[in-house]
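**Student:** So that you have it, the file is final03.pdb, and it contains PDB, N, CA and C atoms:
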```pdb
ATOM      1  N   MET S 232       0.837  -1.173   0.000
ATOM      2  CA  MET S 232       0.000   0.000   0.000
ATOM      3  C   MET S 232       0.887   1.243   0.000
ATOM      4  N   ASN S 233       0.640   2.161  -0.920
ATOM      5  CA  ASN S 233       1.431   3.389  -1.003
ATOM      6  C   ASN S 233       0.948   4.405   0.020
ATOM      7  N   ALA S 234       1.901   4.977   0.719
ATOM      8  CA  ALA S 234       1.558   6.022   1.687
ATOM      9  C   ALA S 234       1.399   7.350   0.947
ATOM     10  N   SER S 235       0.433   8.133   1.364
ATOM     11  CA  SER S 235       0.239   9.453   0.773
ATOM     12  C   SER S 235       1.327  10.389   1.265
ATOM     13  N   PRO S 236       1.757  11.313   0.394
ATOM     14  CA  PRO S 236       2.751  12.285   0.862
ATOM     15  C   PRO S 236       2.151  13.156   1.954
ATOM     16  N   PRO S 237       2.997  13.694   2.815
ATOM     17  CA  PRO S 237       2.463  14.538   3.894
ATOM     18  C   PRO S 237       1.792  15.785   3.338
ATOM     19  N   THR S 238       0.793  16.255   4.036
ATOM     20  CA  THR S 238       0.069  17.461   3.651
ATOM     21  C   THR S 238       0.847  18.677   4.120
ATOM     22  N   GLU S 239       0.933  19.677   3.263
ATOM     23  CA  GLU S 239       1.582  20.937   3.615
ATOM     24  C   GLU S 239       0.505  21.935   4.007
ATOM     25  N   THR S 240       0.831  22.808   4.928
ATOM     26  CA  THR S 240      -0.105  23.834   5.363
ATOM     27  C   THR S 240       0.410  25.192   4.937
ATOM     28  N   LEU S 241      -0.480  25.981   4.383
ATOM     29  CA  LEU S 241      -0.181  27.340   3.955
ATOM     30  C   LEU S 241      -1.106  28.270   4.720
ATOM     31  N   THR S 242      -0.548  29.281   5.322
ATOM     32  CA  THR S 242      -1.356  30.242   6.064
ATOM     33  C   THR S 242      -1.566  31.473   5.208
ATOM     34  N   LEU S 243      -2.796  31.896   5.113
ATOM     35  CA  LEU S 243      -3.157  33.075   4.344
ATOM     36  C   LEU S 243      -3.426  34.205   5.320
ATOM     37  N   GLU S 244      -2.704  35.295   5.180
ATOM     38  CA  GLU S 244      -2.898  36.443   6.056
ATOM     39  C   GLU S 244      -3.837  37.427   5.370
ATOM     40  N   ILE S 245      -4.914  37.769   6.036
ATOM     41  CA  ILE S 245      -5.910  38.680   5.483
ATOM     42  C   ILE S 245      -5.717  40.048   6.117
ATOM     43  N   ASP S 246      -5.539  41.049   5.289
ATOM     44  CA  ASP S 246      -5.347  42.403   5.784
ATOM     45  C   ASP S 246      -6.608  42.858   6.534
ATOM     46  N   PRO S 247      -6.434  43.505   7.686
ATOM     47  CA  PRO S 247      -7.592  43.962   8.463
ATOM     48  C   PRO S 247      -8.535  44.882   7.675
ATOM     49  N   SER S 248      -8.013  45.648   6.723
ATOM     50  CA  SER S 248      -8.886  46.533   5.947
ATOM     51  C   SER S 248      -9.878  45.735   5.091
ATOM     52  N   LEU S 249      -9.453  44.587   4.565
ATOM     53  CA  LEU S 249     -10.363  43.742   3.792
ATOM     54  C   LEU S 249     -11.432  43.149   4.705
ATOM     55  N   LEU S 250     -11.023  42.661   5.866
ATOM     56  CA  LEU S 250     -12.001  42.105   6.798
ATOM     57  C   LEU S 250     -13.010  43.155   7.246
ATOM     58  N   GLU S 251     -12.546  44.376   7.485
ATOM     59  CA  GLU S 251     -13.441  45.436   7.910
ATOM     60  C   GLU S 251     -14.441  45.769   6.797
ATOM     61  N   HIS S 252     -13.966  45.819   5.556
ATOM     62  CA  HIS S 252     -14.859  46.079   4.421
ATOM     63  C   HIS S 252     -15.927  44.990   4.318
ATOM     64  N   VAL S 253     -15.502  43.745   4.405
ATOM     65  CA  VAL S 253     -16.444  42.626   4.313
ATOM     66  C   VAL S 253     -17.414  42.672   5.493
ATOM     67  N   ARG S 254     -16.914  42.962   6.677
ATOM     68  CA  ARG S 254     -17.769  43.056   7.864
ATOM     69  C   ARG S 254     -18.855  44.126   7.666
ATOM     70  N   GLU S 255     -18.471  45.278   7.140
ATOM     71  CA  GLU S 255     -19.431  46.365   6.893
ATOM     72  C   GLU S 255     -20.484  45.947   5.871
ATOM     73  N   ARG S 256     -20.046  45.313   4.792
ATOM     74  CA  ARG S 256     -20.999  44.885   3.752
ATOM     75  C   ARG S 256     -21.960  43.825   4.287
ATOM     76  N   LEU S 257     -21.460  42.925   5.119
ATOM     77  CA  LEU S 257     -22.335  41.913   5.714
ATOM     78  C   LEU S 257     -23.366  42.561   6.636
ATOM     79  N   ALA S 258     -22.939  43.566   7.402
ATOM     80  CA  ALA S 258     -23.860  44.265   8.303
ATOM     81  C   ALA S 258     -24.939  44.992   7.510
ATOM     82  N   GLN S 259     -24.564  45.594   6.375
ATOM     83  CA  GLN S 259     -25.543  46.281   5.537
ATOM     84  C   GLN S 259     -26.605  45.323   5.017
ATOM     85  N   ARG S 260     -26.207  44.090   4.807
ATOM     86  CA  ARG S 260     -27.130  43.080   4.276
ATOM     87  C   ARG S 260     -27.768  42.248   5.394
ATOM     88  N   HIS S 261     -27.485  42.606   6.638
ATOM     89  CA  HIS S 261     -28.039  41.928   7.809
ATOM     90  C   HIS S 261     -27.741  40.429   7.786
ATOM     91  N   ARG S 262     -26.510  40.101   7.402
ATOM     92  CA  ARG S 262     -26.085  38.700   7.366
ATOM     93  C   ARG S 262     -25.192  38.424   8.559
ATOM     94  N   ASP S 263     -25.450  37.324   9.207
ATOM     95  CA  ASP S 263     -24.687  36.930  10.388
ATOM     96  C   ASP S 263     -23.650  35.875   9.998
ATOM     97  N   THR S 264     -22.730  36.263   9.136
ATOM     98  CA  THR S 264     -21.674  35.380   8.652
ATOM     99  C   THR S 264     -20.333  35.970   9.049
ATOM    100  N   PRO S 265     -19.427  35.159   9.602
ATOM    101  CA  PRO S 265     -18.104  35.695   9.926
ATOM    102  C   PRO S 265     -17.397  36.158   8.646
ATOM    103  N   PRO S 266     -16.759  37.325   8.658
ATOM    104  CA  PRO S 266     -16.102  37.815   7.443
ATOM    105  C   PRO S 266     -15.002  36.873   6.951
ATOM    106  N   GLU S 267     -14.317  36.200   7.858
ATOM    107  CA  GLU S 267     -13.272  35.253   7.446
ATOM    108  C   GLU S 267     -13.853  34.127   6.609
ATOM    109  N   GLU S 268     -15.058  33.695   6.948
ATOM    110  CA  GLU S 268     -15.714  32.621   6.199
ATOM    111  C   GLU S 268     -16.051  33.074   4.779
ATOM    112  N   LEU S 269     -16.511  34.296   4.648
ATOM    113  CA  LEU S 269     -16.845  34.831   3.327
ATOM    114  C   LEU S 269     -15.588  35.006   2.467
ATOM    115  N   VAL S 270     -14.508  35.477   3.053
ATOM    116  CA  VAL S 270     -13.251  35.632   2.311
ATOM    117  C   VAL S 270     -12.735  34.258   1.884
ATOM    118  N   ALA S 271     -12.835  33.269   2.751
ATOM    119  CA  ALA S 271     -12.413  31.910   2.400
ATOM    120  C   ALA S 271     -13.236  31.372   1.233
ATOM    121  N   ALA S 272     -14.537  31.639   1.224
ATOM    122  CA  ALA S 272     -15.396  31.204   0.116
ATOM    123  C   ALA S 272     -14.991  31.893  -1.180
ATOM    124  N   LEU S 273     -14.652  33.176  -1.107
ATOM    125  CA  LEU S 273     -14.222  33.925  -2.288
ATOM    126  C   LEU S 273     -12.917  33.356  -2.846
ATOM    127  N   VAL S 274     -11.942  33.124  -1.992
ATOM    128  CA  VAL S 274     -10.648  32.578  -2.437
ATOM    129  C   VAL S 274     -10.848  31.190  -3.049
ATOM    130  N   THR S 275     -11.674  30.367  -2.426
ATOM    131  CA  THR S 275     -11.957  29.030  -2.952
ATOM    132  C   THR S 275     -12.560  29.116  -4.346
ATOM    133  N   SER S 276     -13.519  29.991  -4.517
ATOM    134  CA  SER S 276     -14.183  30.147  -5.809
ATOM    135  C   SER S 276     -13.203  30.612  -6.887
ATOM    136  N   ILE S 277     -12.374  31.579  -6.565
ATOM    137  CA  ILE S 277     -11.400  32.092  -7.535
ATOM    138  C   ILE S 277     -10.431  30.990  -7.959
ATOM    139  N   LEU S 278      -9.890  30.260  -6.995
ATOM    140  CA  LEU S 278      -8.919  29.212  -7.315
ATOM    141  C   LEU S 278      -9.560  28.052  -8.064
ATOM    142  N   ASP S 279     -10.752  27.645  -7.637
ATOM    143  CA  ASP S 279     -11.393  26.488  -8.249
ATOM    144  C   ASP S 279     -11.857  26.777  -9.673
ATOM    145  N   ASN S 280     -12.138  28.018  -9.967
ATOM    146  CA  ASN S 280     -12.634  28.386 -11.300
ATOM    147  C   ASN S 280     -11.560  29.004 -12.186
ATOM    148  N   SER S 281     -10.312  28.892 -11.784
ATOM    149  CA  SER S 281      -9.229  29.453 -12.590
ATOM    150  C   SER S 281      -8.899  28.514 -13.742
ATOM    151  N   GLY S 282      -8.056  28.968 -14.621
ATOM    152  CA  GLY S 282      -7.628  28.148 -15.742
ATOM    153  C   GLY S 282      -6.461  27.231 -15.396
ATOM    154  N   TYR S 283      -6.042  27.243 -14.147
ATOM    155  CA  TYR S 283      -4.919  26.416 -13.720
ATOM    156  C   TYR S 283      -5.403  25.048 -13.264
ATOM    157  N   PRO S 284      -4.523  24.057 -13.282
ATOM    158  CA  PRO S 284      -4.929  22.702 -12.877
ATOM    159  C   PRO S 284      -5.013  22.571 -11.355
ATOM    160  N   ILE S 285      -5.885  23.365 -10.759
ATOM    161  CA  ILE S 285      -6.056  23.391  -9.307
ATOM    162  C   ILE S 285      -7.532  23.213  -8.998
ATOM    163  N   SER S 286      -7.825  22.362  -8.032
ATOM    164  CA  SER S 286      -9.181  22.330  -7.503
ATOM    165  C   SER S 286      -9.097  22.825  -6.065
ATOM    166  N   ALA S 287     -10.068  23.586  -5.672
ATOM    167  CA  ALA S 287     -10.117  24.129  -4.322
ATOM    168  C   ALA S 287     -11.465  23.796  -3.724
ATOM    169  N   ALA S 288     -11.441  23.349  -2.483
ATOM    170  CA  ALA S 288     -12.682  23.024  -1.783
ATOM    171  C   ALA S 288     -12.541  23.429  -0.327
ATOM    172  N   ARG S 289     -13.637  23.901   0.233
ATOM    173  CA  ARG S 289     -13.631  24.253   1.650
ATOM    174  C   ARG S 289     -13.901  23.004   2.459
ATOM    175  N   THR S 290     -13.062  22.757   3.443
ATOM    176  CA  THR S 290     -13.229  21.582   4.288
ATOM    177  C   THR S 290     -13.885  21.932   5.608
ATOM    178  N   ASP S 291     -13.756  23.180   6.018
ATOM    179  CA  ASP S 291     -14.305  23.661   7.279
ATOM    180  C   ASP S 291     -14.333  25.178   7.188
ATOM    181  N   ALA S 292     -15.017  25.849   8.063
ATOM    182  CA  ALA S 292     -15.041  27.316   8.010
ATOM    183  C   ALA S 292     -13.615  27.847   8.084
ATOM    184  N   GLY S 293     -13.204  28.548   7.043
ATOM    185  CA  GLY S 293     -11.878  29.150   7.022
ATOM    186  C   GLY S 293     -10.771  28.255   6.512
ATOM    187  N   GLN S 294     -11.063  27.005   6.179
ATOM    188  CA  GLN S 294     -10.026  26.111   5.675
ATOM    189  C   GLN S 294     -10.312  25.775   4.215
ATOM    190  N   ILE S 295      -9.258  25.793   3.417
ATOM    191  CA  ILE S 295      -9.375  25.508   1.989
ATOM    192  C   ILE S 295      -8.396  24.392   1.649
ATOM    193  N   GLN S 296      -8.869  23.379   0.947
ATOM    194  CA  GLN S 296      -8.009  22.281   0.523
ATOM    195  C   GLN S 296      -7.738  22.436  -0.967
ATOM    196  N   LEU S 297      -6.458  22.462  -1.335
ATOM    197  CA  LEU S 297      -6.054  22.586  -2.738
ATOM    198  C   LEU S 297      -5.536  21.242  -3.233
ATOM    199  N   ARG S 298      -5.896  20.903  -4.460
ATOM    200  CA  ARG S 298      -5.424  19.666  -5.082
ATOM    201  C   ARG S 298      -5.062  19.937  -6.530
ATOM    202  N   TYR S 299      -4.239  19.070  -7.076
ATOM    203  CA  TYR S 299      -3.903  19.110  -8.495
ATOM    204  C   TYR S 299      -5.046  18.451  -9.252
ATOM    205  N   ARG S 300      -5.562  19.124 -10.269
ATOM    206  CA  ARG S 300      -6.622  18.555 -11.102
ATOM    207  C   ARG S 300      -6.381  18.993 -12.535
ATOM    208  N   LEU S 301      -5.893  18.088 -13.339
ATOM    209  CA  LEU S 301      -5.629  18.388 -14.740
ATOM    210  C   LEU S 301      -6.946  18.469 -15.495
ATOM    211  N   ARG S 302      -7.084  19.530 -16.268
ATOM    212  CA  ARG S 302      -8.259  19.717 -17.123
ATOM    213  C   ARG S 302      -7.768  19.938 -18.540
ATOM    214  N   SER S 303      -8.593  19.663 -19.503
ATOM    215  CA  SER S 303      -8.164  19.789 -20.902
ATOM    216  C   SER S 303      -7.786  21.209 -21.273
ATOM    217  N   PHE S 304      -8.330  22.202 -20.577
ATOM    218  CA  PHE S 304      -8.058  23.590 -20.898
ATOM    219  C   PHE S 304      -7.074  24.244 -19.914
ATOM    220  N   SER S 305      -6.435  23.453 -19.076
ATOM    221  CA  SER S 305      -5.566  24.003 -18.033
ATOM    222  C   SER S 305      -4.362  24.738 -18.597
ATOM    223  N   GLU S 306      -4.065  25.869 -17.974
ATOM    224  CA  GLU S 306      -2.849  26.603 -18.250
ATOM    225  C   GLU S 306      -1.739  26.010 -17.404
ATOM    226  N   PRO S 307      -0.504  25.966 -17.917
ATOM    227  CA  PRO S 307       0.583  25.469 -17.078
ATOM    228  C   PRO S 307       0.831  26.403 -15.897
ATOM    229  N   ILE S 308       1.161  25.830 -14.761
ATOM    230  CA  ILE S 308       1.439  26.645 -13.569
ATOM    231  C   ILE S 308       2.750  27.379 -13.743
ATOM    232  N   LEU S 309       3.737  26.738 -14.315
ATOM    233  CA  LEU S 309       5.038  27.382 -14.573
ATOM    234  C   LEU S 309       5.333  27.377 -16.047
TER     235      LEU S 309
END
```
Have the structure of the file written as structure tokens, please.
**Tutor:**
Amino acid sequence: MNASPPTETLTLEIDPSLLEHVRERLAQRHRDTPPEELVAALVTSILDNSGYPISAARTDAGQIQLRYRLRSFSEPIL
């Protein structure tokens, strides 16, 4: 049985000005969603819908799992 390679962790630092903007917009819409969760959803969507061979999925609030996914229209990463 082949062992899977170890998982690497990448930390994404979100500038407080972006969080404050998202927090204000959520308040205007009367949504009770943590701003970090909304930013994580945005990053996931951008990465998953890019032309690169990357799939992105949210595993938990604020966590994003990235995988290699070759598609016929994929742009090379390098």
**Student:** Which polymer residues, whether protein, DNA or RNA, lie within 12 Å of the coordinate (-8.9, 20.6, -3.9) when you count only C-alpha atoms? List them as a PyMOL selection string, using the chain letters and numbers from the file.
**Tutor:** chain S and resi 275-276+278-280+284-290+294-301
**Student:** Find, counting all atoms listed in the file, the residue in S:Glu267, S:Asp291, S:Glu306, S:Glu239 that gets nearest to Arg254 (chain S).
**Tutor:**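 Comparing S:Glu267, S:Asp291, S:Glu306, S:Glu239 against Arg254 (chain S), the winner is S:Glu267.
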**Student:** I'd like the interatomic distance between CA of Arg262 (chain S) and CA of Leu249 (chain S), to a tenth of an Å.
**Tutor:** 16.9 Å
**Student:** Pick out each residue of chain S that DSSP on the backbone tags as helix (DSSP H, G or I); I need them as a JSON list (two decimals) with N, CA and C atoms, in the coordinates of the input.
**Tutor:**
```json
[["chain", "number", "residue", "atom", "x", "y", "z"],
["S", 247, "PRO", "N", -6.43, 43.50, 7.69],
["S", 247, "PRO", "CA", -7.59, 43.96, 8.46],
["S", 247, "PRO", "C", -8.54, 44.88, 7.68],
["S", 248, "SER", "N", -8.01, 45.65, 6.72],
["S", 248, "SER", "CA", -8.89, 46.53, 5.95],
["S", 248, "SER", "C", -9.88, 45.74, 5.09],
["S", 249, "LEU", "N", -9.45, 44.59, 4.57],
["S", 249, "LEU", "CA", -10.36, 43.74, 3.79],
["S", 249, "LEU", "C", -11.43, 43.15, 4.70],
["S", 250, "LEU", "N", -11.02, 42.66, 5.87],
["S", 250, "LEU", "CA", -12.00, 42.10, 6.80],
["S", 250, "LEU", "C", -13.01, 43.16, 7.25],
["S", 251, "GLU", "N", -12.55, 44.38, 7.48],
["S", 251, "GLU", "CA", -13.44, 45.44, 7.91],
["S", 251, "GLU", "C", -14.44, 45.77, 6.80],
["S", 252, "HIS", "N", -13.97, 45.82, 5.56],
["S", 252, "HIS", "CA", -14.86, 46.08, 4.42],
["S", 252, "HIS", "C", -15.93, 44.99, 4.32],
["S", 253, "VAL", "N", -15.50, 43.74, 4.40],
["S", 253, "VAL", "CA", -16.44, 42.63, 4.31],
["S", 253, "VAL", "C", -17.41, 42.67, 5.49],
["S", 254, "ARG", "N", -16.91, 42.96, 6.68],
["S", 254, "ARG", "CA", -17.77, 43.06, 7.86],
["S", 254, "ARG", "C", -18.86, 44.13, 7.67],
["S", 255, "GLU", "N", -18.47, 45.28, 7.14],
["S", 255, "GLU", "CA", -19.43, 46.36, 6.89],
["S", 255, "GLU", "C", -20.48, 45.95, 5.87],
["S", 256, "ARG", "N", -20.05, 45.31, 4.79],
["S", 256, "ARG", "CA", -21.00, 44.88, 3.75],
["S", 256, "ARG", "C", -21.96, 43.82, 4.29],
["S", 257, "LEU", "N", -21.46, 42.92, 5.12],
["S", 257, "LEU", "CA", -22.34, 41.91, 5.71],
["S", 257, "LEU", "C", -23.37, 42.56, 6.64],
["S", 258, "ALA", "N", -22.94, 43.57, 7.40],
["S", 258, "ALA", "CA", -23.86, 44.26, 8.30],
["S", 258, "ALA", "C", -24.94, 44.99, 7.51],
["S", 259, "GLN", "N", -24.56, 45.59, 6.38],
["S", 259, "GLN", "CA", -25.54, 46.28, 5.54],
["S", 259, "GLN", "C", -26.60, 45.32, 5.02],
["S", 266, "PRO", "N", -16.76, 37.33, 8.66],
["S", 266, "PRO", "CA", -16.10, 37.82, 7.44],
["S", 266, "PRO", "C", -15.00, 36.87, 6.95],
["S", 267, "GLU", "N", -14.32, 36.20, 7.86],
["S", 267, "GLU", "CA", -13.27, 35.25, 7.45],
["S", 267, "GLU", "C", -13.85, 34.13, 6.61],
["S", 268, "GLU", "N", -15.06, 33.70, 6.95],
["S", 268, "GLU", "CA", -15.71, 32.62, 6.20],
["S", 268, "GLU", "C", -16.05, 33.07, 4.78],
["S", 269, "LEU", "N", -16.51, 34.30, 4.65],
["S", 269, "LEU", "CA", -16.84, 34.83, 3.33],
["S", 269, "LEU", "C", -15.59, 35.01, 2.47],
["S", 270, "VAL", "N", -14.51, 35.48, 3.05],
["S", 270, "VAL", "CA", -13.25, 35.63, 2.31],
["S", 270, "VAL", "C", -12.74, 34.26, 1.88],
["S", 271, "ALA", "N", -12.84, 33.27, 2.75],
["S", 271, "ALA", "CA", -12.41, 31.91, 2.40],
["S", 271, "ALA", "C", -13.24, 31.37, 1.23],
["S", 272, "ALA", "N", -14.54, 31.64, 1.22],
["S", 272, "ALA", "CA", -15.40, 31.20, 0.12],
["S", 272, "ALA", "C", -14.99, 31.89, -1.18],
["S", 273, "LEU", "N", -14.65, 33.18, -1.11],
["S", 273, "LEU", "CA", -14.22, 33.92, -2.29],
["S", 273, "LEU", "C", -12.92, 33.36, -2.85],
["S", 274, "VAL", "N", -11.94, 33.12, -1.99],
["S", 274, "VAL", "CA", -10.65, 32.58, -2.44],
["S", 274, "VAL", "C", -10.85, 31.19, -3.05],
["S", 275, "THR", "N", -11.67, 30.37, -2.43],
["S", 275, "THR", "CA", -11.96, 29.03, -2.95],
["S", 275, "THR", "C", -12.56, 29.12, -4.35],
["S", 276, "SER", "N", -13.52, 29.99, -4.52],
["S", 276, "SER", "CA", -14.18, 30.15, -5.81],
["S", 276, "SER", "C", -13.20, 30.61, -6.89],
["S", 277, "ILE", "N", -12.37, 31.58, -6.56],
["S", 277, "ILE", "CA", -11.40, 32.09, -7.54],
["S", 277, "ILE", "C", -10.43, 30.99, -7.96],
["S", 278, "LEU", "N", -9.89, 30.26, -7.00],
["S", 278, "LEU", "CA", -8.92, 29.21, -7.32],
["S", 278, "LEU", "C", -9.56, 28.05, -8.06],
["S", 279, "ASP", "N", -10.75, 27.64, -7.64],
["S", 279, "ASP", "CA", -11.39, 26.49, -8.25],
["S", 279, "ASP", "C", -11.86, 26.78, -9.67]]
```
**Student:** Using only C-alpha atoms, pick whichever of S:Ile277, S:Ala234, S:Leu250, S:Ile245 has the shortest atom-to-atom distance to Pro265 (chain S).
**Tutor:**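 Using only C-alpha atoms, Pro265 (chain S) sits closest to S:Leu250.
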**Student:** What's the separation between CA of Glu251 (chain S) and CA of Asp263 (chain S), in Å to one decimal place?
**Tutor:** 14.3 Å
**Student:** If I take CA of Leu273 (chain S) and atom C of Ala258 (chain S), how far is one from the other in Å, to one decimal?
**Tutor:** 18.3 Å
**Student:** Using only N, CA and C atoms, collect all residues at a distance of at most 8 Å from (-3.7, 28.4, -14.5) as written in the file, then present them as a PyMOL selection string.
**Tutor:** chain S and resi 281-285+304-309
**Student:** Let's see if you can do this: from backbone DSSP, list all strand (DSSP E or B) residues in chain S, as a list in words.
**Tutor:**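 The residues of chain S classed as strand (DSSP E or B) are Ile285, Ser286, Ala287, Ala288, Arg289, Thr290, Asp291, Gln294, Ile295, Gln296, Leu297, Arg298 and Tyr299 of chain S.
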**Student:** Just to be explicit: take each residue in the selection above, keep N, CA and C atoms, and write the result as an mmCIF file, in the coordinates of the input.
**Tutor:**
```
data_model
loop_
_atom_site.group_PDB
_atom_site.id
_atom_site.type_symbol
_atom_site.label_atom_id
_atom_site.label_comp_id
_atom_site.auth_asym_id
_atom_site.auth_seq_id
_atom_site.Cartn_x
_atom_site.Cartn_y
_atom_site.Cartn_z
ATOM 1 N N ILE S 285 -5.885 23.365 -10.759
ATOM 2 C CA ILE S 285 -6.056 23.391 -9.307
ATOM 3 C C ILE S 285 -7.532 23.213 -8.998
ATOM 4 N N SER S 286 -7.825 22.362 -8.032
ATOM 5 C CA SER S 286 -9.181 22.330 -7.503
ATOM 6 C C SER S 286 -9.097 22.825 -6.065
ATOM 7 N N ALA S 287 -10.068 23.586 -5.672
ATOM 8 C CA ALA S 287 -10.117 24.129 -4.322
ATOM 9 C C ALA S 287 -11.465 23.796 -3.724
ATOM 10 N N ALA S 288 -11.441 23.349 -2.483
ATOM 11 C CA ALA S 288 -12.682 23.024 -1.783
ATOM 12 C C ALA S 288 -12.541 23.429 -0.327
ATOM 13 N N ARG S 289 -13.637 23.901 0.233
ATOM 14 C CA ARG S 289 -13.631 24.253 1.650
ATOM 15 C C ARG S 289 -13.901 23.004 2.459
ATOM 16 N N THR S 290 -13.062 22.757 3.443
ATOM 17 C CA THR S 290 -13.229 21.582 4.288
ATOM 18 C C THR S 290 -13.885 21.932 5.608
ATOM 19 N N ASP S 291 -13.756 23.180 6.018
ATOM 20 C CA ASP S 291 -14.305 23.661 7.279
ATOM 21 C C ASP S 291 -14.333 25.178 7.188
ATOM 22 N N GLN S 294 -11.063 27.005 6.179
ATOM 23 C CA GLN S 294 -10.026 26.111 5.675
ATOM 24 C C GLN S 294 -10.312 25.775 4.215
ATOM 25 N N ILE S 295 -9.258 25.793 3.417
ATOM 26 C CA ILE S 295 -9.375 25.508 1.989
ATOM 27 C C ILE S 295 -8.396 24.392 1.649
ATOM 28 N N GLN S 296 -8.869 23.379 0.947
ATOM 29 C CA GLN S 296 -8.009 22.281 0.523
ATOM 30 C C GLN S 296 -7.738 22.436 -0.967
ATOM 31 N N LEU S 297 -6.458 22.462 -1.335
ATOM 32 C CA LEU S 297 -6.054 22.586 -2.738
ATOM 33 C C LEU S 297 -5.536 21.242 -3.233
ATOM 34 N N ARG S 298 -5.896 20.903 -4.460
ATOM 35 C CA ARG S 298 -5.424 19.666 -5.082
ATOM 36 C C ARG S 298 -5.062 19.937 -6.530
ATOM 37 N N TYR S 299 -4.239 19.070 -7.076
ATOM 38 C CA TYR S 299 -3.903 19.110 -8.495
ATOM 39 C C TYR S 299 -5.046 18.451 -9.252
#
```
**Student:** Set up a box along x, y and z of the file covering all listed atoms of region 298-301 of chain S, add 5 Å on every one of the six sides, and write the centre and edge lengths in Å to one decimal, as lines of an AutoDock Vina configuration file.
**Tutor:**
```
center_x = -5.4
center_y = 19.5
center_z = -10.0
size_x = 13.0
size_y = 12.8
size_z = 21.0
```
